[in-house]
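K.L.:
Enclosed is the structure file target10.cif (mmCIF, C-alpha atoms).
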```cif
data_protein
#
loop_
_atom_site.label_atom_id
_atom_site.label_comp_id
_atom_site.auth_asym_id
_atom_site.auth_seq_id
_atom_site.Cartn_x
_atom_site.Cartn_y
_atom_site.Cartn_z
CA MET M 1 239.72 137.81 77.89
CA LEU M 2 241.11 135.69 80.70
CA HIS M 3 244.48 136.34 82.26
CA ARG M 4 247.69 136.02 80.22
CA PRO M 5 249.46 132.65 80.46
CA ILE M 6 252.27 132.22 82.97
CA LYS M 7 255.63 131.47 81.32
CA HIS M 8 258.03 131.32 84.25
CA CYS M 9 257.94 130.12 87.86
CA ARG M 10 257.40 132.91 90.40
CA ASN M 11 259.56 131.05 92.90
CA CYS M 12 262.65 130.01 90.90
CA GLY M 13 262.26 131.56 87.42
CA ALA M 14 262.36 128.26 85.48
CA ALA M 15 260.03 127.83 82.47
CA VAL M 16 256.73 126.28 83.59
CA VAL M 17 254.61 123.65 81.86
CA TYR M 18 250.80 123.60 81.86
CA ARG M 19 249.62 120.20 83.13
CA ILE M 20 247.26 118.66 85.68
CA PRO M 21 249.14 118.49 89.01
CA ASP M 22 249.55 115.09 90.73
CA ASP M 23 247.65 116.09 93.86
CA GLY M 24 244.14 115.11 92.76
CA ASP M 25 243.49 118.37 90.91
CA THR M 26 241.41 118.19 87.73
CA ARG M 27 242.59 121.35 85.96
CA LYS M 28 245.75 122.25 84.09
CA ARG M 29 247.97 124.62 86.07
CA ALA M 30 251.32 126.23 85.37
CA VAL M 31 253.62 123.76 87.17
CA CYS M 32 257.36 124.33 87.68
CA PRO M 33 259.40 121.27 86.62
CA GLY M 34 262.25 122.56 88.81
CA CYS M 35 260.86 123.45 92.25
CA GLU M 36 257.37 121.96 91.69
CA THR M 37 255.53 125.19 92.55
CA ILE M 38 251.94 125.08 91.27
CA HIS M 39 250.66 128.46 90.04
CA TYR M 40 246.93 129.01 90.50
CA GLU M 41 245.11 131.66 88.48
CA ASN M 42 241.80 132.84 89.88
CA PRO M 43 239.13 135.47 89.25
CA LEU M 44 239.69 139.07 90.33
CA ASN M 45 237.24 141.22 92.25
CA VAL M 46 236.24 144.68 91.08
CA VAL M 47 234.69 146.78 93.86
CA GLY M 48 232.88 150.09 93.56
CA THR M 49 230.03 152.33 94.63
CA VAL M 50 226.88 154.01 93.41
CA PRO M 51 227.37 157.41 95.10
CA TYR M 52 224.07 159.30 95.27
CA TRP M 53 223.06 162.85 96.19
CA GLY M 54 219.31 163.19 96.50
CA ASP M 55 217.93 161.66 93.29
CA LYS M 56 221.22 161.98 91.40
CA VAL M 57 224.12 159.58 91.02
CA LEU M 58 227.79 160.35 90.55
CA LEU M 59 229.46 159.17 87.35
CA CYS M 60 233.11 159.53 86.34
CA LYS M 61 234.33 160.17 82.80
CA ARG M 62 237.25 157.80 82.24
CA ASN M 63 240.70 159.19 81.51
CA ILE M 64 242.15 155.70 80.93
CA GLU M 65 241.58 152.72 78.68
CA PRO M 66 239.50 150.64 78.37
CA GLY M 67 236.56 152.93 77.80
CA TRP M 68 238.45 156.26 77.61
CA GLY M 69 235.97 159.16 77.48
CA LYS M 70 233.04 157.00 78.56
CA TRP M 71 231.19 157.24 81.87
CA THR M 72 231.51 154.81 84.75
CA LEU M 73 230.87 154.36 88.44
CA PRO M 74 233.94 154.66 90.69
CA ALA M 75 235.38 151.12 90.91
CA GLY M 76 238.57 149.16 90.57
CA PHE M 77 240.45 146.01 91.52
CA MET M 78 240.22 144.95 95.16
CA GLU M 79 243.64 144.90 96.85
CA LEU M 80 245.15 142.46 99.34
CA GLY M 81 244.55 143.37 102.97
CA GLU M 82 241.28 145.23 102.47
CA SER M 83 237.59 144.27 102.63
CA THR M 84 235.22 144.70 99.70
CA GLN M 85 233.78 147.79 101.40
CA GLN M 86 237.20 149.28 102.10
CA GLY M 87 238.19 148.70 98.48
CA ALA M 88 234.99 150.31 97.21
CA ALA M 89 235.56 153.33 99.49
CA ARG M 90 239.20 153.63 98.38
CA GLU M 91 238.25 153.57 94.70
CA THR M 92 235.54 156.19 95.28
CA ASP M 93 238.12 158.43 96.89
CA GLU M 94 240.82 157.80 94.27
CA GLU M 95 238.63 158.18 91.18
CA ALA M 96 236.12 160.81 92.27
CA GLY M 97 237.51 162.40 95.45
CA ALA M 98 233.98 162.00 96.82
CA ARG M 99 233.11 161.91 100.53
CA ILE M 100 230.62 159.12 101.21
CA GLU M 101 228.79 157.13 103.84
CA MET M 102 229.05 153.48 102.75
CA GLN M 103 225.74 151.57 102.67
CA GLY M 104 224.59 148.12 101.56
CA LEU M 105 225.56 145.86 98.69
CA ILE M 106 223.53 146.42 95.55
CA THR M 107 225.07 144.06 92.97
CA VAL M 108 227.26 140.94 92.99
CA MET M 109 227.96 140.14 89.34
CA SER M 110 230.05 137.32 87.94
CA VAL M 111 231.72 138.01 84.61
CA PRO M 112 233.09 134.55 83.69
CA ARG M 113 234.33 135.74 80.30
CA ALA M 114 236.68 138.20 82.03
CA GLY M 115 237.48 136.06 85.06
CA GLN M 116 236.01 138.72 87.36
CA VAL M 117 233.41 139.32 90.05
CA HIS M 118 232.08 142.88 90.41
CA LEU M 119 230.56 144.11 93.70
CA TYR M 120 228.88 147.51 94.06
CA TYR M 121 227.66 149.32 97.18
CA ARG M 122 225.14 152.10 97.64
CA ALA M 123 226.96 155.14 99.04
CA ARG M 124 225.33 158.34 100.31
CA LEU M 125 227.32 161.39 99.26
CA LEU M 126 228.19 163.75 102.11
CA SER M 127 229.03 166.61 99.74
CA ASP M 128 228.44 167.50 96.10
CA GLN M 129 232.01 168.73 95.71
CA PHE M 130 234.39 166.25 94.04
CA ASN M 131 238.12 166.04 93.50
CA PRO M 132 238.72 163.50 90.72
CA GLY M 133 242.07 161.71 90.42
CA HIS M 134 244.22 161.22 87.33
CA GLU M 135 242.07 158.33 86.06
CA THR M 136 239.03 160.61 85.77
CA ILE M 137 238.42 163.49 83.34
CA GLU M 138 235.30 164.72 85.11
CA ALA M 139 233.04 163.66 87.99
CA ARG M 140 229.42 164.80 87.65
CA LEU M 141 225.96 164.16 89.13
CA PHE M 142 223.22 162.81 86.86
CA ALA M 143 219.50 162.42 87.46
CA GLN M 144 218.01 159.17 86.10
CA ASP M 145 216.76 160.82 82.90
CA GLU M 146 220.13 162.48 82.31
CA ILE M 147 222.24 159.27 82.41
CA PRO M 148 224.23 158.93 79.16
CA TRP M 149 223.15 155.29 78.67
CA ASP M 150 224.87 155.01 75.29
CA GLU M 151 228.16 156.22 76.72
CA ILE M 152 228.44 153.93 79.77
CA ALA M 153 231.85 152.22 79.75
CA PHE M 154 230.90 148.76 81.07
CA ARG M 155 227.86 146.51 81.09
CA THR M 156 228.31 145.85 84.83
CA VAL M 157 227.98 149.60 85.47
CA ARG M 158 224.88 149.82 83.31
CA GLU M 159 223.30 146.81 85.06
CA THR M 160 224.12 148.25 88.49
CA LEU M 161 222.62 151.65 87.65
CA LEU M 162 219.44 149.97 86.37
CA ARG M 163 219.09 148.03 89.68
CA PHE M 164 219.82 151.15 91.72
CA PHE M 165 217.01 153.11 90.05
CA SER M 166 214.52 150.21 90.06
CA ASP M 167 215.16 149.66 93.80
CA ARG M 168 214.53 153.37 94.33
CA GLU M 169 211.15 153.04 92.61
CA THR M 170 210.09 150.05 94.70
CA GLY M 171 211.59 151.49 97.89
CA ARG M 172 213.36 148.19 98.64
CA ASP M 173 217.12 147.90 98.87
CA THR M 174 218.04 144.40 97.73
CA VAL M 175 221.22 142.58 96.74
CA HIS M 176 221.14 141.57 93.09
CA ASN M 177 223.27 138.55 92.25
CA PHE M 178 223.54 137.60 88.58
CA ASP M 179 225.97 136.86 85.76
CA VAL M 180 227.02 139.23 83.00
CA SER M 181 228.16 137.63 79.76
CA MET B 182 248.46 134.93 106.06
CA LEU B 183 248.62 136.81 102.76
CA HIS B 184 250.05 135.30 99.62
CA ARG B 185 253.74 134.35 99.36
CA PRO B 186 255.99 137.00 97.80
CA ILE B 187 256.78 136.77 94.11
CA LYS B 188 260.50 136.21 93.43
CA HIS B 189 260.65 135.89 89.65
CA CYS B 190 258.90 137.44 86.64
CA ARG B 191 256.12 135.26 85.22
CA ASN B 192 256.88 136.58 81.75
CA CYS B 193 260.70 136.34 81.46
CA GLY B 194 261.92 134.64 84.68
CA ALA B 195 264.18 137.52 85.84
CA ALA B 196 264.32 138.35 89.56
CA VAL B 197 261.69 140.99 90.40
CA VAL B 198 261.93 143.97 92.75
CA TYR B 199 259.09 145.25 94.93
CA ARG B 200 258.57 148.93 94.22
CA ILE B 201 255.83 151.44 93.36
CA PRO B 202 255.37 151.35 89.55
CA ASP B 203 255.79 154.59 87.58
CA ASP B 204 252.21 154.59 86.25
CA GLY B 205 250.54 156.54 89.06
CA ASP B 206 250.07 153.49 91.28
CA THR B 207 250.42 153.99 95.04
CA ARG B 208 251.32 150.45 96.12
CA LYS B 209 254.46 148.39 95.90
CA ARG B 210 254.23 145.66 93.28
CA ALA B 211 256.62 142.99 92.07
CA VAL B 212 258.09 144.74 89.01
CA CYS B 213 260.42 143.07 86.51
CA PRO B 214 263.54 145.16 85.87
CA GLY B 215 263.99 143.26 82.58
CA CYS B 216 260.67 143.23 80.69
CA GLU B 217 258.85 145.71 83.02
CA THR B 218 255.95 143.35 83.71
CA ILE B 219 254.03 144.48 86.81
CA HIS B 220 252.70 141.58 88.92
CA TYR B 221 249.46 142.32 90.76
CA GLU B 222 248.42 140.19 93.72
CA ASN B 223 244.76 140.31 94.64
CA PRO B 224 242.27 138.63 96.97
CA LEU B 225 240.91 135.19 96.15
CA ASN B 226 237.26 134.15 96.25
CA VAL B 227 236.08 131.09 98.13
CA VAL B 228 232.62 129.91 97.02
CA GLY B 229 230.39 127.34 98.66
CA THR B 230 226.90 126.28 99.68
CA VAL B 231 224.71 125.57 102.70
CA PRO B 232 223.00 122.41 101.39
CA TYR B 233 219.82 121.71 103.38
CA TRP B 234 217.40 118.79 103.60
CA GLY B 235 214.30 119.70 105.57
CA ASP B 236 215.62 121.23 108.79
CA LYS B 237 219.07 119.68 108.45
CA VAL B 238 222.25 120.97 106.82
CA LEU B 239 225.01 119.01 105.15
CA LEU B 240 228.50 119.23 106.63
CA CYS B 241 231.69 117.60 105.36
CA LYS B 242 234.45 116.22 107.60
CA ARG B 243 237.72 117.45 106.11
CA ASN B 244 240.28 114.95 104.85
CA ILE B 245 242.83 117.71 104.09
CA GLU B 246 244.66 120.46 105.94
CA PRO B 247 243.97 123.04 107.16
CA GLY B 248 241.36 121.76 109.59
CA TRP B 249 241.80 118.01 108.99
CA GLY B 250 239.09 116.06 110.82
CA LYS B 251 236.96 119.16 111.43
CA TRP B 252 233.59 119.91 109.84
CA THR B 253 232.94 122.40 107.07
CA LEU B 254 230.47 123.42 104.41
CA PRO B 255 231.37 122.40 100.85
CA ALA B 256 233.45 125.29 99.47
CA GLY B 257 236.68 126.07 97.67
CA PHE B 258 238.54 128.53 95.49
CA MET B 259 236.60 129.99 92.57
CA GLU B 260 238.18 129.11 89.21
CA LEU B 261 238.68 131.18 86.06
CA GLY B 262 235.82 130.91 83.59
CA GLU B 263 233.07 130.17 86.09
CA SER B 264 230.52 132.26 87.98
CA THR B 265 230.31 132.32 91.78
CA GLN B 266 227.24 130.07 91.56
CA GLN B 267 228.93 127.63 89.18
CA GLY B 268 231.95 127.47 91.47
CA ALA B 269 229.77 126.86 94.51
CA ALA B 270 227.91 124.08 92.66
CA ARG B 271 231.18 122.50 91.49
CA GLU B 272 232.62 122.45 95.02
CA THR B 273 229.40 120.94 96.37
CA ASP B 274 229.68 118.16 93.82
CA GLU B 275 233.42 117.62 94.32
CA GLU B 276 233.44 117.63 98.12
CA ALA B 277 230.09 116.07 98.95
CA GLY B 278 228.77 114.49 95.77
CA ALA B 279 225.48 116.14 96.66
CA ARG B 280 222.69 116.90 94.17
CA ILE B 281 221.33 120.40 94.76
CA GLU B 282 219.07 123.15 93.48
CA MET B 283 221.10 126.38 93.82
CA GLN B 284 219.28 129.22 95.60
CA GLY B 285 220.17 132.73 96.81
CA LEU B 286 223.30 134.23 98.31
CA ILE B 287 223.42 134.03 102.09
CA THR B 288 226.84 135.47 103.03
CA VAL B 289 229.46 137.70 101.40
CA MET B 290 232.36 137.84 103.86
CA SER B 291 235.64 139.67 103.47
CA VAL B 292 238.60 138.12 105.27
CA PRO B 293 241.27 140.84 104.85
CA ARG B 294 243.78 138.96 107.01
CA ALA B 295 243.73 136.08 104.52
CA GLY B 296 243.27 138.16 101.36
CA GLN B 297 239.99 136.38 100.64
CA VAL B 298 236.27 136.93 100.03
CA HIS B 299 233.93 134.04 100.90
CA LEU B 300 230.50 133.73 99.27
CA TYR B 301 227.94 131.11 100.30
CA TYR B 302 224.63 130.14 98.68
CA ARG B 303 221.59 128.39 100.06
CA ALA B 304 221.15 125.10 98.20
CA ARG B 305 218.17 122.75 98.47
CA LEU B 306 219.28 119.11 98.50
CA LEU B 307 217.51 116.93 95.94
CA SER B 308 218.61 113.71 97.66
CA ASP B 309 219.97 112.67 101.06
CA GLN B 310 222.48 110.33 99.42
CA PHE B 311 226.02 111.70 99.11
CA ASN B 312 229.19 110.64 97.38
CA PRO B 313 232.07 112.54 99.00
CA GLY B 314 235.33 113.10 97.11
CA HIS B 315 238.89 112.55 98.31
CA GLU B 316 238.95 115.81 100.28
CA THR B 317 236.10 114.62 102.51
CA ILE B 318 236.12 111.84 105.14
CA GLU B 319 232.37 111.88 105.65
CA ALA B 320 229.34 113.92 104.52
CA ARG B 321 226.46 113.98 107.01
CA LEU B 322 223.23 115.85 107.75
CA PHE B 323 222.93 117.76 111.04
CA ALA B 324 219.91 119.40 112.67
CA GLN B 325 220.66 122.79 114.27
CA ASP B 326 221.04 121.28 117.77
CA GLU B 327 223.36 118.58 116.46
CA ILE B 328 225.92 120.90 114.81
CA PRO B 329 229.40 120.26 116.26
CA TRP B 330 230.04 123.98 116.88
CA ASP B 331 233.39 123.32 118.59
CA GLU B 332 234.63 121.28 115.65
CA ILE B 333 233.82 123.67 112.78
CA ALA B 334 236.94 124.19 110.65
CA PHE B 335 236.56 127.89 109.76
CA ARG B 336 235.01 130.98 111.26
CA THR B 337 233.39 131.87 107.91
CA VAL B 338 231.56 128.52 107.99
CA ARG B 339 230.42 129.07 111.56
CA GLU B 340 229.20 132.60 110.74
CA THR B 341 227.35 131.36 107.65
CA LEU B 342 225.63 128.54 109.55
CA LEU B 343 224.53 131.01 112.26
CA ARG B 344 222.98 133.31 109.58
CA PHE B 345 221.33 130.38 107.83
CA PHE B 346 219.57 129.24 111.02
CA SER B 347 218.63 132.77 112.14
CA ASP B 348 217.12 133.47 108.70
CA ARG B 349 215.15 130.22 109.03
CA GLU B 350 213.72 131.44 112.34
CA THR B 351 212.68 134.82 110.95
CA GLY B 352 211.48 133.32 107.67
CA ARG B 353 213.42 135.95 105.68
CA ASP B 354 216.22 135.04 103.28
CA THR B 355 218.68 137.93 103.31
CA VAL B 356 222.22 138.51 102.05
CA HIS B 357 224.61 139.09 104.95
CA ASN B 358 227.68 141.16 104.06
CA PHE B 359 230.32 141.56 106.78
CA ASP B 360 234.00 141.18 107.56
CA VAL B 361 235.63 138.31 109.43
CA SER B 362 238.86 139.11 111.23
#
```
As structure tokens, what does this structure read like?

P.N.:
Amino acid sequence: MLHRPIKHCRNCGAAVVYRIPDDGDTRKRAVCPGCETIHYENPLNVVGTVPYWGDKVLLCKRNIEPGWGKWTLPAGFMELGESTQQGAARETDEEAGARIEMQGLITVMSVPRAGQVHLYYRARLLSDQFNPGHETIEARLFAQDEIPWDEIAFRTVRETLLRFFSDRETGRDTVHNFDVS
Amino acid sequence: MLHRPIKHCRNCGAAVVYRIPDDGDTRKRAVCPGCETIHYENPLNVVGTVPYWGDKVLLCKRNIEPGWGKWTLPAGFMELGESTQQGAARETDEEAGARIEMQGLITVMSVPRAGQVHLYYRARLLSDQFNPGHETIEARLFAQDEIPWDEIAFRTVRETLLRFFSDRETGRDTVHNFDVS
């Protein structure tokens, strides 16, 4: 599911046409026949954390679609004006109300099908008390053998949790860069 | 320089207003008073490579603004439907006409001021013959002590080259994640 097509020009409101611009570009863009604005559509970044407390990780039960009622890591769309780490910290606060110390990158995952890149950070929890926001039904700590693998909302979350636990076993914190179909 | 403000609704063309949506959001968005479309603006990804041939790296002399006439690594905006690696490979082909074997991530840099995230990969050159595109005046190999440090187009490129050479000295390929102001 890529982004919805653009129908009107963001600058002047005229109906756009999809065509290859005359500037040497090779892709069709939404071009305004009135003011000639070219509208680029690009992938979005999703940023989040793997908050851990001893040998447990924090998961959030989603109170919104997609994936209502399933479990996820705190994450969401990166906003303008923030870094990937700041975005990941903001989402962890908004969705779980968790106090963390931000650590290193764990996964950088492209999801071409969705037009997204997902980036997750390790985050040491400073407290085991949480204050979930309206997007979260419940925030709870899970040991590795308690993770509800069949009720994880997104494949990127599942893949990130798997890397987190395998890195724990080997004792090496690495950055995992791969694609998720 | 963040993105230009949205003036009209992409869905129906009506003039938008910037306000906090009624869905629990905390940020002002361009909201359509007609069809209620909410327009989100998010950071863009720039993806590129450090192509190397023995102890030399490939730089491209820019034929476009910003930074016309200065040197850069092959890189550009990630497109919908591709992975970060595919985008980096595409830009390396478009800007330098270089044949490469894609390797690991070297830098993941947030540039909050610009609303961007830049990701660079190590890439082993398979040939020292290049075929630069229209955005490039010249593509040339430089040893570390030949790099025109005062004529590098972007700070992210400079920072990535510094990490590439320091990793070469230590013999360890690591992923460097930091912010560039």

K.L.:
Between B:Ala277, B:Ile245, B:Leu239, B:Met290, which one has atoms that come closest to Thr337 of chain B, using all atoms listed in the file?

P.N.:
B:Met290

K.L.:
Once the PyMOL selection byres ((chain B and resi 256) around 8) is applied to the coordinates I shared, what remains selected? I want it as a list in words.

P.N.:
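For this structure, the PyMOL selection byres ((chain B and resi 256) around 8) resolves to Val227, Val228, Gly229, Thr230, Leu254, Pro255, Gly257, Phe258, Ala269, Glu272, Thr273 and Glu276 of chain B.
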
K.L.:
Quick one: distance from atom CA of Ser291 of chain B to atom CA of Asp331 of chain B in Å, one decimal?

P.N.:
22.4 Å

K.L.:
Can you list every residue of segment 26-137 of chain M that has an atom at most 8 Å from segment 216-225 of chain B, with its nearest atom pair and the distance in Å to one decimal, using all atoms listed in the file, ordered by chain then number, as CSV?

P.N.:
```
residue,atom,partner,partner_atom,distance
M:Asn42,CA,B:Leu225,CA,6.8
M:Pro43,CA,B:Leu225,CA,7.1
M:Leu44,CA,B:Asn223,CA,6.8
M:Asn45,CA,B:Pro224,CA,7.4
M:Phe77,CA,B:Asn223,CA,7.8
M:Met78,CA,B:Asn223,CA,6.5
M:Glu79,CA,B:Asn223,CA,5.2
M:Leu80,CA,B:Asn223,CA,5.2
M:Gly81,CA,B:Pro224,CA,8.0
```

K.L.:
Next, dump the selected residues to file, keeping only C-alpha atoms, as a short mmCIF file (atom, residue, chain, number, x, y, z; two decimals), in the coordinates of the input.

P.N.:
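The result, stored in result03.cif:
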```cif
data_model
loop_
_atom_site.label_atom_id
_atom_site.label_comp_id
_atom_site.auth_asym_id
_atom_site.auth_seq_id
_atom_site.Cartn_x
_atom_site.Cartn_y
_atom_site.Cartn_z
CA ASN M 42 241.80 132.84 89.88
CA PRO M 43 239.13 135.47 89.25
CA LEU M 44 239.69 139.07 90.33
CA ASN M 45 237.24 141.22 92.25
CA PHE M 77 240.45 146.01 91.52
CA MET M 78 240.22 144.95 95.16
CA GLU M 79 243.64 144.90 96.85
CA LEU M 80 245.15 142.46 99.34
CA GLY M 81 244.55 143.37 102.97
#
```

K.L.:
Run the PyMOL selection byres ((chain M) within 9 of (chain B)) against the file shown and list the residues it catches, as a PyMOL selection string.

P.N.:
chain M and resi 2-3+5-15+24+40-45+77-85+104-105+109-117+134+174-175+177-179

K.L.:
Could you spell out the hits of the PyMOL selection byres ((chain M and resi 160-168) around 10) on the shown file, as a PyMOL selection string?

P.N.:
chain M and resi 49-50+52+55-57+72-73+106-109+118-122+143-144+147+149+155-159+169-176
